[in-house]
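One file, data_1.cif, is given below (mmCIF, C-alpha atoms and all ligand atoms).
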```
data_protein
loop_
_atom_site.label_atom_id
_atom_site.label_comp_id
_atom_site.auth_asym_id
_atom_site.auth_seq_id
_atom_site.Cartn_x
_atom_site.Cartn_y
_atom_site.Cartn_z
CA MET A 1 -7.25 8.24 -1.15
CA THR A 2 -7.42 11.07 -3.73
CA THR A 3 -10.66 10.86 -5.66
CA GLN A 4 -10.36 14.22 -7.42
CA GLN A 5 -9.50 13.63 -11.07
CA PRO A 6 -6.08 15.33 -11.44
CA PHE A 7 -6.36 15.90 -15.19
CA ALA A 8 -8.43 17.73 -17.73
CA CYS A 9 -9.79 16.00 -20.82
CA GLU A 10 -13.15 14.69 -21.83
CA ASP A 11 -15.55 14.69 -18.86
CA VAL A 12 -15.25 10.93 -18.53
CA TYR A 13 -11.94 9.07 -18.95
CA LEU A 14 -12.31 5.30 -19.37
CA ASP A 15 -8.99 4.44 -21.04
CA TYR A 16 -6.68 3.75 -18.09
CA GLN A 17 -4.97 0.91 -19.96
CA SER A 18 -3.39 3.32 -22.47
CA ALA A 19 -2.28 5.92 -19.97
CA LYS A 20 -2.71 6.79 -16.33
CA PRO A 21 -2.16 10.17 -14.69
CA VAL A 22 0.61 10.38 -12.12
CA ASP A 23 -0.93 10.42 -8.64
CA PRO A 24 -0.46 13.90 -7.12
CA ARG A 25 1.01 12.27 -3.99
CA VAL A 26 3.68 10.69 -6.19
CA ILE A 27 4.53 14.03 -7.80
CA SER A 28 4.99 15.67 -4.35
CA LYS A 29 7.30 12.87 -3.29
CA MET A 30 9.41 13.20 -6.47
CA LEU A 31 9.88 16.98 -6.50
CA PRO A 32 12.87 17.32 -4.10
CA TYR A 33 14.82 14.81 -6.20
CA PHE A 34 14.98 17.15 -9.17
CA ASN A 35 17.01 19.82 -7.37
CA GLU A 36 17.56 19.61 -3.58
CA LEU A 37 18.54 15.92 -3.65
CA PHE A 38 19.98 15.74 -7.14
CA GLY A 39 23.00 13.49 -6.49
CA ASN A 40 24.36 10.68 -8.61
CA PRO A 41 24.76 7.34 -6.79
CA SER A 42 28.03 6.77 -8.66
CA SER A 43 29.69 9.77 -6.88
CA LEU A 44 31.72 9.02 -3.78
CA HIS A 45 31.01 12.29 -1.91
CA GLY A 46 28.21 13.00 0.55
CA VAL A 47 25.74 14.16 -2.10
CA GLY A 48 26.35 10.88 -3.94
CA ASP A 49 25.96 8.87 -0.71
CA VAL A 50 22.52 10.40 -0.18
CA ALA A 51 21.53 9.33 -3.70
CA THR A 52 22.89 5.81 -3.08
CA ASN A 53 20.79 5.51 0.08
CA ILE A 54 17.71 6.75 -1.77
CA LEU A 55 18.28 4.22 -4.53
CA ASP A 56 18.68 1.39 -1.99
CA GLU A 57 15.53 2.36 -0.05
CA ASN A 58 13.41 2.59 -3.17
CA ARG A 59 14.77 -0.63 -4.63
CA GLU A 60 13.62 -2.30 -1.42
CA LEU A 61 10.11 -0.84 -1.81
CA ILE A 62 9.81 -2.17 -5.36
CA ALA A 63 11.14 -5.56 -4.19
CA ASN A 64 8.48 -5.62 -1.42
CA PHE A 65 5.78 -4.86 -3.97
CA ILE A 66 6.35 -8.27 -5.61
CA ASN A 67 7.95 -10.15 -2.68
CA ALA A 68 11.43 -10.18 -4.21
CA LYS A 69 14.85 -9.30 -2.77
CA PRO A 70 16.26 -5.82 -3.50
CA GLU A 71 19.26 -7.27 -5.34
CA GLU A 72 16.85 -8.99 -7.75
CA ILE A 73 15.47 -5.64 -9.05
CA ILE A 74 17.04 -3.96 -12.11
CA PHE A 75 15.66 -0.50 -12.85
CA THR A 76 15.01 0.24 -16.52
CA SER A 77 13.45 3.01 -18.60
CA GLY A 78 10.13 1.18 -18.67
CA ALA A 79 8.38 -2.03 -19.57
CA THR A 80 9.58 -2.20 -23.18
CA GLU A 81 13.19 -2.09 -22.06
CA ALA A 82 12.53 -4.63 -19.28
CA ASN A 83 10.94 -6.99 -21.83
CA ASN A 84 13.97 -6.52 -24.12
CA LEU A 85 16.37 -7.24 -21.27
CA ALA A 86 14.34 -10.28 -20.22
CA LEU A 87 13.99 -11.93 -23.62
CA ILE A 88 17.04 -10.75 -25.56
CA GLY A 89 19.25 -10.67 -22.47
CA TYR A 90 18.21 -14.17 -21.39
CA ALA A 91 18.36 -15.63 -24.92
CA MET A 92 21.85 -14.26 -25.61
CA ARG A 93 23.22 -15.32 -22.24
CA ASN A 94 21.77 -18.83 -22.29
CA GLN A 95 21.92 -19.76 -25.98
CA LYS A 96 24.40 -22.56 -25.34
CA LYS A 97 21.60 -24.42 -23.50
CA GLY A 98 19.20 -24.03 -26.42
CA LYS A 99 17.67 -21.57 -28.87
CA HIS A 100 13.95 -22.26 -28.48
CA ILE A 101 11.59 -19.83 -26.75
CA ILE A 102 7.82 -20.02 -26.18
CA ILE A 103 5.54 -16.97 -26.01
CA SER A 104 1.76 -16.80 -26.17
CA GLU A 105 -0.34 -15.51 -29.08
CA VAL A 106 -1.79 -12.78 -26.88
CA GLU A 107 1.37 -11.06 -25.70
CA HIS A 108 1.91 -7.32 -25.80
CA ILE A 109 3.23 -6.07 -29.14
CA SER A 110 6.68 -5.46 -27.59
CA ILE A 111 7.05 -9.19 -26.85
CA HIS A 112 5.90 -10.15 -30.37
CA ASN A 113 8.37 -7.75 -31.95
CA ILE A 114 11.24 -8.89 -29.70
CA ALA A 115 10.37 -12.47 -30.73
CA LYS A 116 10.63 -11.44 -34.41
CA TYR A 117 14.03 -9.88 -33.70
CA LEU A 118 15.23 -13.05 -31.95
CA THR A 119 14.07 -15.14 -34.91
CA ARG A 120 16.36 -13.04 -37.12
CA GLN A 121 19.17 -13.79 -34.65
CA GLY A 122 18.72 -17.54 -35.14
CA PHE A 123 16.36 -18.36 -32.27
CA GLU A 124 13.17 -20.34 -32.80
CA ILE A 125 9.96 -19.02 -31.33
CA SER A 126 6.80 -21.06 -30.76
CA LYS A 127 3.55 -19.24 -30.13
CA LEU A 128 1.10 -20.77 -27.71
CA PRO A 129 -2.51 -20.71 -28.86
CA VAL A 130 -5.29 -19.48 -26.57
CA ASP A 131 -8.93 -20.49 -26.08
CA ILE A 132 -11.94 -18.32 -26.95
CA TYR A 133 -11.42 -16.36 -23.73
CA GLY A 134 -7.76 -15.66 -24.45
CA GLN A 135 -6.31 -18.10 -21.89
CA VAL A 136 -3.33 -20.18 -22.98
CA ILE A 137 -4.13 -23.83 -23.59
CA ILE A 138 -2.02 -25.67 -21.04
CA HIS A 139 -1.76 -29.03 -22.81
CA LYS A 140 -0.51 -27.20 -25.91
CA LEU A 141 2.23 -25.68 -23.77
CA LYS A 142 3.35 -29.15 -22.74
CA SER A 143 3.45 -30.31 -26.35
CA ARG A 144 5.40 -27.26 -27.53
CA ILE A 145 8.22 -27.74 -25.00
CA ARG A 146 11.40 -29.21 -26.49
CA LYS A 147 14.79 -30.27 -25.19
CA ASP A 148 16.24 -26.93 -26.36
CA THR A 149 13.49 -24.72 -24.85
CA ILE A 150 15.19 -22.18 -22.58
CA LEU A 151 12.46 -19.63 -21.84
CA ILE A 152 8.66 -19.31 -21.62
CA SER A 153 7.21 -15.79 -21.66
CA VAL A 154 3.51 -15.27 -20.89
CA GLY A 155 1.93 -12.02 -19.69
CA TYR A 156 0.08 -12.04 -16.35
CA ALA A 157 -3.02 -10.66 -18.05
CA SER A 158 -3.93 -9.42 -21.50
CA ASN A 159 -3.49 -5.66 -21.78
CA GLU A 160 -6.38 -5.70 -24.26
CA ILE A 161 -9.17 -8.05 -23.14
CA GLY A 162 -8.02 -8.35 -19.52
CA THR A 163 -7.99 -12.16 -19.41
CA LEU A 164 -5.82 -13.55 -16.60
CA GLN A 165 -3.43 -16.37 -17.45
CA PRO A 166 -2.98 -19.56 -15.37
CA ILE A 167 0.41 -18.27 -14.20
CA ARG A 168 0.98 -20.84 -11.44
CA GLU A 169 0.18 -23.77 -13.73
CA ILE A 170 2.60 -22.46 -16.34
CA ALA A 171 5.23 -21.83 -13.66
CA LYS A 172 4.91 -25.41 -12.40
CA ILE A 173 5.46 -26.82 -15.89
CA ALA A 174 8.45 -24.53 -16.47
CA ARG A 175 10.00 -25.35 -13.07
CA GLU A 176 9.62 -29.12 -13.53
CA ARG A 177 11.47 -28.87 -16.83
CA ASP A 178 14.07 -26.34 -15.65
CA ILE A 179 12.94 -23.70 -18.16
CA ALA A 180 13.07 -20.03 -17.13
CA PHE A 181 9.66 -18.33 -16.85
CA HIS A 182 9.24 -14.65 -17.72
CA VAL A 183 6.02 -12.75 -17.02
CA ASP A 184 5.16 -9.30 -18.36
CA ALA A 185 3.07 -8.17 -15.39
CA VAL A 186 2.36 -4.65 -16.62
CA ALA A 187 -1.36 -5.09 -17.31
CA ALA A 188 -1.96 -6.77 -13.94
CA GLU A 189 0.31 -4.87 -11.57
CA GLY A 190 -1.63 -2.87 -9.00
CA LEU A 191 -4.80 -4.80 -9.83
CA ILE A 192 -3.75 -8.31 -8.83
CA PRO A 193 -1.31 -8.96 -5.95
CA ILE A 194 1.88 -10.28 -7.53
CA ASP A 195 4.19 -12.51 -5.51
CA VAL A 196 7.16 -13.86 -7.44
CA GLN A 197 7.72 -16.54 -4.78
CA LYS A 198 4.18 -17.92 -4.63
CA ASP A 199 3.73 -17.46 -8.39
CA ASP A 200 7.19 -19.01 -8.93
CA ILE A 201 8.29 -16.52 -11.58
CA ASP A 202 11.95 -16.14 -12.63
CA LEU A 203 11.84 -12.87 -14.59
CA LEU A 204 9.09 -10.24 -14.31
CA THR A 205 8.48 -6.95 -16.06
CA LEU A 206 7.05 -3.95 -14.19
CA SER A 207 6.23 -0.42 -15.27
CA SER A 208 5.81 2.68 -13.13
CA ASN A 209 3.05 4.47 -15.07
CA ASP A 210 0.74 1.48 -14.80
CA ILE A 211 0.54 2.06 -11.04
CA TYR A 212 0.17 5.89 -11.31
CA GLY A 213 3.89 6.62 -11.21
CA PRO A 214 5.82 8.63 -13.83
CA ARG A 215 6.56 7.31 -17.31
CA GLY A 216 10.10 6.47 -18.37
CA VAL A 217 10.82 4.10 -15.49
CA GLY A 218 10.20 0.41 -14.91
CA ALA A 219 12.00 -2.66 -13.64
CA LEU A 220 12.97 -6.20 -14.39
CA TYR A 221 12.89 -8.72 -11.55
CA LEU A 222 15.57 -11.35 -12.12
CA ARG A 223 15.52 -14.30 -9.72
CA LYS A 224 18.83 -14.90 -7.92
CA GLY A 225 20.89 -17.42 -9.88
CA TYR A 226 19.43 -16.44 -13.26
CA ARG A 227 21.63 -14.57 -15.71
CA VAL A 228 20.98 -12.14 -18.57
CA ASN A 229 23.37 -10.30 -20.88
CA PRO A 230 23.01 -6.52 -20.73
CA ILE A 231 21.41 -4.88 -23.76
CA LEU A 232 22.75 -1.41 -22.90
CA ILE A 233 26.50 -1.05 -22.55
CA GLY A 234 28.02 1.85 -20.66
CA GLY A 235 29.01 2.82 -17.13
CA GLY A 236 27.99 -0.48 -15.53
CA GLN A 237 25.14 0.70 -13.30
CA GLU A 238 22.59 -1.83 -11.97
CA HIS A 239 25.28 -4.50 -11.44
CA GLY A 240 26.41 -4.01 -15.03
CA LEU A 241 23.02 -5.13 -16.34
CA ARG A 242 21.60 -1.69 -17.20
CA SER A 243 24.09 1.06 -17.78
CA GLY A 244 23.11 4.72 -17.62
CA SER A 245 22.79 7.17 -14.71
CA GLU A 246 19.87 6.13 -12.55
CA ASN A 247 16.66 8.12 -12.94
CA ILE A 248 16.39 8.92 -9.23
CA PRO A 249 13.23 11.14 -9.35
CA GLY A 250 11.56 8.52 -11.54
CA ILE A 251 12.58 5.65 -9.27
CA VAL A 252 11.36 7.57 -6.18
CA GLY A 253 8.02 8.15 -7.94
CA PHE A 254 7.77 4.51 -9.02
CA ALA A 255 8.43 3.31 -5.47
CA GLU A 256 5.96 5.79 -3.95
CA ALA A 257 3.34 4.64 -6.46
CA ALA A 258 4.02 1.03 -5.40
CA ARG A 259 3.82 1.96 -1.69
CA ILE A 260 0.44 3.65 -2.21
CA MET A 261 -0.76 0.69 -4.27
CA MET A 262 0.19 -1.79 -1.53
CA GLU A 263 -1.92 0.23 0.94
CA GLU A 264 -4.91 0.82 -1.30
CA MET A 265 -5.04 -2.03 -3.80
CA LYS A 266 -7.65 -4.13 -2.01
CA GLU A 267 -10.16 -1.32 -1.54
CA GLU A 268 -9.49 0.14 -4.98
CA THR A 269 -9.89 -3.14 -6.86
CA ASN A 270 -13.12 -4.00 -5.01
CA ARG A 271 -14.56 -0.65 -6.05
CA LEU A 272 -13.44 -1.00 -9.68
CA GLU A 273 -14.65 -4.58 -9.85
CA SER A 274 -18.16 -3.53 -8.82
CA TYR A 275 -18.26 -0.89 -11.60
CA ARG A 276 -16.79 -3.38 -14.05
CA ASN A 277 -19.44 -5.97 -13.14
CA LYS A 278 -22.14 -3.37 -13.67
CA LEU A 279 -20.82 -2.85 -17.22
CA LEU A 280 -20.50 -6.57 -17.97
CA GLU A 281 -24.04 -7.19 -16.73
CA THR A 282 -25.84 -4.22 -18.26
CA ILE A 283 -24.29 -3.61 -21.69
CA PRO A 284 -25.15 -7.01 -23.26
CA ASN A 285 -28.67 -6.70 -21.78
CA LEU A 286 -29.30 -3.18 -23.02
CA ILE A 287 -27.78 -3.61 -26.48
CA PRO A 288 -28.76 -6.43 -28.87
CA LYS A 289 -25.92 -8.43 -30.43
CA ALA A 290 -23.38 -7.07 -27.94
CA TYR A 291 -20.92 -9.65 -26.63
CA ILE A 292 -18.21 -9.73 -23.98
CA ASN A 293 -14.64 -10.25 -25.22
CA GLY A 294 -12.32 -12.09 -22.84
CA HIS A 295 -13.08 -14.31 -19.87
CA PRO A 296 -16.36 -13.76 -18.02
CA THR A 297 -14.74 -14.03 -14.56
CA GLU A 298 -10.97 -14.62 -14.88
CA ARG A 299 -10.28 -11.06 -15.96
CA LEU A 300 -8.72 -7.88 -14.62
CA PRO A 301 -11.07 -6.11 -12.19
CA ASN A 302 -10.92 -2.86 -14.18
CA ASN A 303 -11.45 -4.25 -17.70
CA ALA A 304 -14.66 -4.56 -19.70
CA HIS A 305 -14.33 -5.36 -23.41
CA PHE A 306 -17.24 -5.74 -25.81
CA ARG A 307 -17.93 -6.26 -29.46
CA PHE A 308 -20.98 -4.98 -31.29
CA GLU A 309 -22.21 -6.64 -34.44
CA ALA A 310 -22.31 -4.71 -37.74
CA ILE A 311 -20.47 -1.56 -36.62
CA GLU A 312 -16.89 -0.37 -36.25
CA GLY A 313 -15.25 0.26 -32.88
CA GLU A 314 -13.71 3.46 -34.32
CA SER A 315 -17.17 4.90 -35.11
CA ILE A 316 -18.35 4.17 -31.57
CA LEU A 317 -15.18 5.74 -30.16
CA LEU A 318 -15.66 8.94 -32.20
CA SER A 319 -19.35 9.23 -31.27
CA LEU A 320 -18.47 8.81 -27.60
CA LYS A 321 -15.70 11.39 -27.98
CA ASP A 322 -18.39 13.89 -29.09
CA GLU A 323 -20.28 13.02 -25.90
CA GLY A 324 -17.21 13.73 -23.76
CA ILE A 325 -16.24 10.12 -23.10
CA ALA A 326 -12.65 8.91 -23.76
CA ILE A 327 -12.54 5.21 -24.54
CA ALA A 328 -10.36 2.82 -26.61
CA THR A 329 -10.90 0.44 -29.45
CA GLY A 330 -8.64 -2.62 -29.67
CA SER A 331 -5.19 -2.18 -28.18
CA ALA A 332 -3.78 1.24 -27.34
CA CYS A 333 -0.39 0.09 -28.59
CA SER A 334 -1.73 -0.54 -32.09
CA SER A 335 -4.90 1.57 -32.31
CA LYS A 336 -3.39 3.79 -34.99
CA THR A 337 -3.04 0.93 -37.45
CA LEU A 338 -5.84 -0.65 -39.47
CA GLU A 339 -4.74 -4.12 -38.43
CA PRO A 340 -7.28 -5.92 -36.25
CA SER A 341 -6.09 -6.75 -32.75
CA HIS A 342 -3.87 -9.87 -32.79
CA THR A 343 -5.35 -10.80 -29.40
CA LEU A 344 -8.96 -10.81 -30.62
CA ILE A 345 -7.98 -12.76 -33.72
CA ALA A 346 -6.14 -15.30 -31.52
CA THR A 347 -9.41 -15.87 -29.58
CA GLY A 348 -10.98 -16.97 -32.86
CA LEU A 349 -12.85 -13.81 -33.90
CA LEU A 350 -13.18 -12.89 -37.55
CA HIS A 351 -11.61 -9.60 -38.67
CA GLU A 352 -15.01 -7.90 -38.94
CA GLU A 353 -16.00 -9.07 -35.46
CA ALA A 354 -12.72 -7.86 -33.97
CA HIS A 355 -13.19 -4.44 -35.59
CA GLY A 356 -16.48 -3.86 -33.77
CA SER A 357 -14.79 -3.92 -30.35
CA LEU A 358 -14.54 -1.42 -27.55
CA GLN A 359 -12.19 -1.51 -24.57
CA ILE A 360 -13.25 0.11 -21.30
CA THR A 361 -10.61 0.35 -18.58
CA LEU A 362 -11.36 1.92 -15.21
CA GLY A 363 -8.90 3.45 -12.77
CA ARG A 364 -8.16 5.31 -9.59
CA PHE A 365 -10.16 8.42 -10.49
CA THR A 366 -13.15 6.69 -12.10
CA LYS A 367 -16.46 7.47 -10.39
CA GLU A 368 -19.64 5.45 -10.55
CA GLU A 369 -21.32 8.39 -12.38
CA ASP A 370 -18.74 7.94 -15.19
CA VAL A 371 -19.78 4.34 -15.73
CA ASP A 372 -23.47 5.32 -15.48
CA LYS A 373 -22.98 8.00 -18.12
CA LEU A 374 -21.51 5.44 -20.52
CA ILE A 375 -24.32 2.98 -19.83
CA LYS A 376 -26.86 5.76 -20.53
CA ILE A 377 -25.28 6.97 -23.78
CA LEU A 378 -23.86 3.82 -25.42
CA PRO A 379 -27.17 2.09 -26.44
CA GLY A 380 -28.25 5.20 -28.39
CA VAL A 381 -24.86 5.51 -30.09
CA VAL A 382 -24.83 1.85 -31.16
CA SER A 383 -28.41 2.03 -32.41
CA ARG A 384 -27.72 5.21 -34.45
CA LEU A 385 -24.58 3.73 -36.03
CA ARG A 386 -26.36 0.50 -36.86
CA LYS A 387 -29.08 2.40 -38.71
CA LEU A 388 -26.29 3.71 -40.96
CA SER A 389 -24.61 0.32 -41.35
CA PRO A 390 -25.25 -1.73 -44.50
CA LEU A 391 -24.31 -4.82 -42.47
CA TRP A 392 -27.11 -4.36 -39.92
CA LYS A 393 -30.50 -5.94 -40.53
CA GLU A 394 -33.25 -4.66 -38.20
CA GLU A 395 -34.87 -8.09 -37.76
CA GLN A 396 -31.60 -9.40 -36.28
N1 LIG A 401 3.71 -4.61 -21.67
C1 LIG A 401 2.39 -4.37 -21.54
C2 LIG A 401 1.49 -5.46 -21.09
C3 LIG A 401 1.88 -3.09 -21.82
O1 LIG A 401 0.57 -2.86 -21.69
C4 LIG A 401 2.76 -2.08 -22.24
C5 LIG A 401 2.23 -0.71 -22.60
N2 LIG A 401 1.67 -0.07 -21.51
C6 LIG A 401 4.13 -2.38 -22.36
C7 LIG A 401 4.56 -3.66 -22.07
C8 LIG A 401 5.12 -1.34 -22.82
O2 LIG A 401 5.20 -0.31 -21.88
P1 LIG A 401 6.06 1.01 -22.18
O3 LIG A 401 5.52 1.57 -23.47
O4 LIG A 401 5.77 1.87 -21.01
O5 LIG A 401 7.47 0.64 -22.28
#
```
As structure tokens, please, write out the structure in this file.
Amino acid sequence: MTTQQPFACEDVYLDYQSAKPVDPRVISKMLPYFNELFGNPSSLHGVGDVATNILDENRELIANFINAKPEEIIFTSGATEANNLALIGYAMRNQKKGKHIIISEVEHISIHNIAKYLTRQGFEISKLPVDIYGQVIIHKLKSRIRKDTILISVGYASNEIGTLQPIREIAKIARERDIAFHVDAVAAEGLIPIDVQKDDIDLLTLSSNDIYGPRGVGALYLRKGYRVNPILIGGGQEHGLRSGSENIPGIVGFAEAARIMMEEMKEETNRLESYRNKLLETIPNLIPKAYINGHPTERLPNNAHFRFEAIEGESILLSLKDEGIAIATGSACSSKTLEPSHTLIATGLLHEEAHGSLQITLGRFTKEEDVDKLIKILPGVVSRLRKLSPLWKEEQ
């Protein structure tokens, strides 16, 4: 395994949820496909045949990654597009059966915005509430299901607080009622083994960059027998479900990233989990009025998320930036807005509590010294900021 950090930035990078570097082994594998093996699978000559074979082989690798069949994989430009194809594609194709869809309150912003779009198209969306840890409340799911419910979409894990969802319980409920079940697996892929058969998932979103592959490529798994309408119209690639010339170098990189992940996931997640546990155990002990966001145990092995009373996450982030530590506040997808994280609010936090949050996400090139540096510096940063905060009372 490569342990050398392949990128230059702050000394310590603890924001793997927002972006991951491409593994150097993936880049080497991709390079020949930019020039030597540049063919288009749609061409009928030898150069095209080579590209077709490459596409088939790599589709099989991605299928293996989630225990699907190759013909159930549709390559897309990334997770956002796969989520669009899953929700809009499924809704449009199956609207004669019903126009009601259920998502959870803690979905990625792309799912929330697709849901808003579908509402404008005449669909009805119900949002499933979550408990204080961010897990969907199963009995509420049962009560939200209606005769015209056609689709349930719940992410495998929260991309913000890392809470894992009871995927198999949700799948069972959906299967018993003949409702399609879509899972955005982007936050969990490469950290939790995903098996669409055992998990009983019908549609599943994957992204390449979240497993150290290149950006601009992802996939939708669509269980055999399920149908979606295409959202991109054109040359009819990907069985007519996703037109546009296939991004062969990207797909090769995605598949190589998945192959490496399948080999290394167990060892890598054990290592990250031990660092993560160190953070969860030490930070609330070292810092007064510091609390864990998300589930204490049912959470991604690389995610630690805290809130600190009386200060702003942004101030902590900027102070840590000065110390050479890159870290996130709230969700990367919405960190440039002043809106508090919808996920933290859904867990019942007040706006001011949500604002004092910090997200730490570990990854392939994180070393134990990185985590130790944060543990050493953070208590001083929080204490200094609290001295400046009108909301902080020393006797607290
Ligand atoms: N779903 C989840 C859970 C995500 O975290 C993200 C962002 N990484 C996306 C979807 C969208 O991914 P992309 O911006 O690569 O399309």
Given a cut-off of 6 Å, what residues near ligand LIG 401 (chain A) show up using all atoms listed in the file, put as a short mmCIF file (atom, residue, chain, number, x, y, z; two decimals) with C-alpha atoms, keeping the file's coordinate frame?
```cif
data_model
loop_
_atom_site.label_atom_id
_atom_site.label_comp_id
_atom_site.auth_asym_id
_atom_site.auth_seq_id
_atom_site.Cartn_x
_atom_site.Cartn_y
_atom_site.Cartn_z
CA GLY A 78 10.13 1.18 -18.67
CA ALA A 79 8.38 -2.03 -19.57
CA THR A 80 9.58 -2.20 -23.18
CA HIS A 108 1.91 -7.32 -25.80
CA ASN A 159 -3.49 -5.66 -21.78
CA ASP A 184 5.16 -9.30 -18.36
CA VAL A 186 2.36 -4.65 -16.62
CA ALA A 187 -1.36 -5.09 -17.31
#
```
- Could you tell me, as number ranges by chain, which residues have any atom at most 9 Å from (-20.1, -8.8, -21.3), counting all atoms listed in the file? A: 277, 279-285, 290-294, 296, 304-307
- Message: One number please: CA of Gly250 in chain A to CA of Ile54 in chain A, in Å, one decimal.
- Response: 11.7 Å
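The gap separating CA of Val228 in chain A from CA of Asn94 in chain A is 7.7 Å, in Å to one decimal.
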- Task: For Leu206 in chain A, work out the shell of residues within 7 Å, counting only C-alpha atoms and skipping chain neighbours fewer than 2 positions away, then give it as a ChimeraX atom specification.
- Result: /A:79,185-186,204,208,218-220
- Using all atoms listed in the file, which of the listed residues (A:Lys278, A:Lys224, A:Lys373, A:Arg25) sits closest to Ile73 in chain A?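 For Ile73 in chain A, the nearest of the candidates is A:Lys224.
Using all atoms listed in the file, the residues found no farther than 9 Å from Arg168 in chain A, other than those of its own chain fewer than 6 positions away, are A:Lys198, A:Asp199, A:Asp200, A:Ile201.
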- Item | Residue nearest Tyr212 in chain A - candidates A:Lys20, A:Lys387, A:Lys97, A:Lys172, atoms counted: all atoms listed in the file | A:Lys20
- Task: Between A:Glu124, A:Asp322, A:Glu246, A:Asp148, single out the one closest to Ile377 in chain A, counting all atoms listed in the file.
- Result: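 Once distances to Ile377 in chain A are computed over all atoms listed in the file, the minimum belongs to A:Asp322.
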- When distances are computed from all atoms listed in the file, which of A:Leu44, A:Thr361, A:Asn303, A:Ile311 shows the smallest separation from Arg384 in chain A?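 Smallest separation from Arg384 in chain A among the options: A:Ile311.
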- From A:Ile167, A:Leu151, A:Ala328, A:Leu286, residue lying nearest Tyr226 in chain A [only C-alpha atoms]: A:Leu151
Filled-in N, CA, C and O atoms of range 227-239 of chain A, supplied as an mmCIF file, in the coordinates of the input:
```cif
data_model
loop_
_atom_site.group_PDB
_atom_site.id
_atom_site.type_symbol
_atom_site.label_atom_id
_atom_site.label_comp_id
_atom_site.auth_asym_id
_atom_site.auth_seq_id
_atom_site.Cartn_x
_atom_site.Cartn_y
_atom_site.Cartn_z
ATOM 1 N N ARG A 227 20.687 -15.500 -15.099
ATOM 2 C CA ARG A 227 21.630 -14.570 -15.710
ATOM 3 C C ARG A 227 21.078 -14.033 -17.029
ATOM 4 O O ARG A 227 20.475 -14.777 -17.809
ATOM 5 N N VAL A 228 21.296 -12.733 -17.260
ATOM 6 C CA VAL A 228 20.980 -12.140 -18.570
ATOM 7 C C VAL A 228 22.212 -11.369 -19.042
ATOM 8 O O VAL A 228 23.004 -10.909 -18.222
ATOM 9 N N ASN A 229 22.352 -11.213 -20.345
ATOM 10 C CA ASN A 229 23.370 -10.300 -20.880
ATOM 11 C C ASN A 229 22.771 -8.906 -20.900
ATOM 12 O O ASN A 229 21.583 -8.762 -21.207
ATOM 13 N N PRO A 230 23.560 -7.874 -20.614
ATOM 14 C CA PRO A 230 23.010 -6.520 -20.730
ATOM 15 C C PRO A 230 22.676 -6.205 -22.182
ATOM 16 O O PRO A 230 23.307 -6.748 -23.095
ATOM 17 N N ILE A 231 21.692 -5.341 -22.391
ATOM 18 C CA ILE A 231 21.410 -4.880 -23.760
ATOM 19 C C ILE A 231 21.866 -3.442 -23.949
ATOM 20 O O ILE A 231 21.908 -2.938 -25.057
ATOM 21 N N LEU A 232 22.176 -2.764 -22.842
ATOM 22 C CA LEU A 232 22.750 -1.410 -22.900
ATOM 23 C C LEU A 232 24.137 -1.469 -22.296
ATOM 24 O O LEU A 232 24.308 -1.947 -21.170
ATOM 25 N N ILE A 233 25.111 -0.991 -23.022
ATOM 26 C CA ILE A 233 26.500 -1.050 -22.550
ATOM 27 C C ILE A 233 26.922 0.367 -22.174
ATOM 28 O O ILE A 233 26.614 1.315 -22.891
ATOM 29 N N GLY A 234 27.589 0.512 -21.067
ATOM 30 C CA GLY A 234 28.020 1.850 -20.660
ATOM 31 C C GLY A 234 28.732 1.798 -19.327
ATOM 32 O O GLY A 234 29.624 0.970 -19.132
ATOM 33 N N GLY A 235 28.299 2.641 -18.396
ATOM 34 C CA GLY A 235 29.010 2.820 -17.130
ATOM 35 C C GLY A 235 28.867 1.695 -16.121
ATOM 36 O O GLY A 235 29.450 1.757 -15.042
ATOM 37 N N GLY A 236 28.052 0.692 -16.415
ATOM 38 C CA GLY A 236 27.990 -0.480 -15.530
ATOM 39 C C GLY A 236 27.035 -0.370 -14.356
ATOM 40 O O GLY A 236 27.127 -1.147 -13.399
ATOM 41 N N GLN A 237 26.108 0.600 -14.401
ATOM 42 C CA GLN A 237 25.140 0.700 -13.300
ATOM 43 C C GLN A 237 24.251 -0.558 -13.247
ATOM 44 O O GLN A 237 24.240 -1.349 -14.177
ATOM 45 N N GLU A 238 23.500 -0.678 -12.170
ATOM 46 C CA GLU A 238 22.590 -1.830 -11.970
ATOM 47 C C GLU A 238 23.346 -3.157 -12.152
ATOM 48 O O GLU A 238 22.945 -4.021 -12.937
ATOM 49 N N HIS A 239 24.438 -3.288 -11.394
ATOM 50 C CA HIS A 239 25.280 -4.500 -11.440
ATOM 51 C C HIS A 239 25.737 -4.831 -12.863
ATOM 52 O O HIS A 239 25.851 -6.001 -13.239
#
```
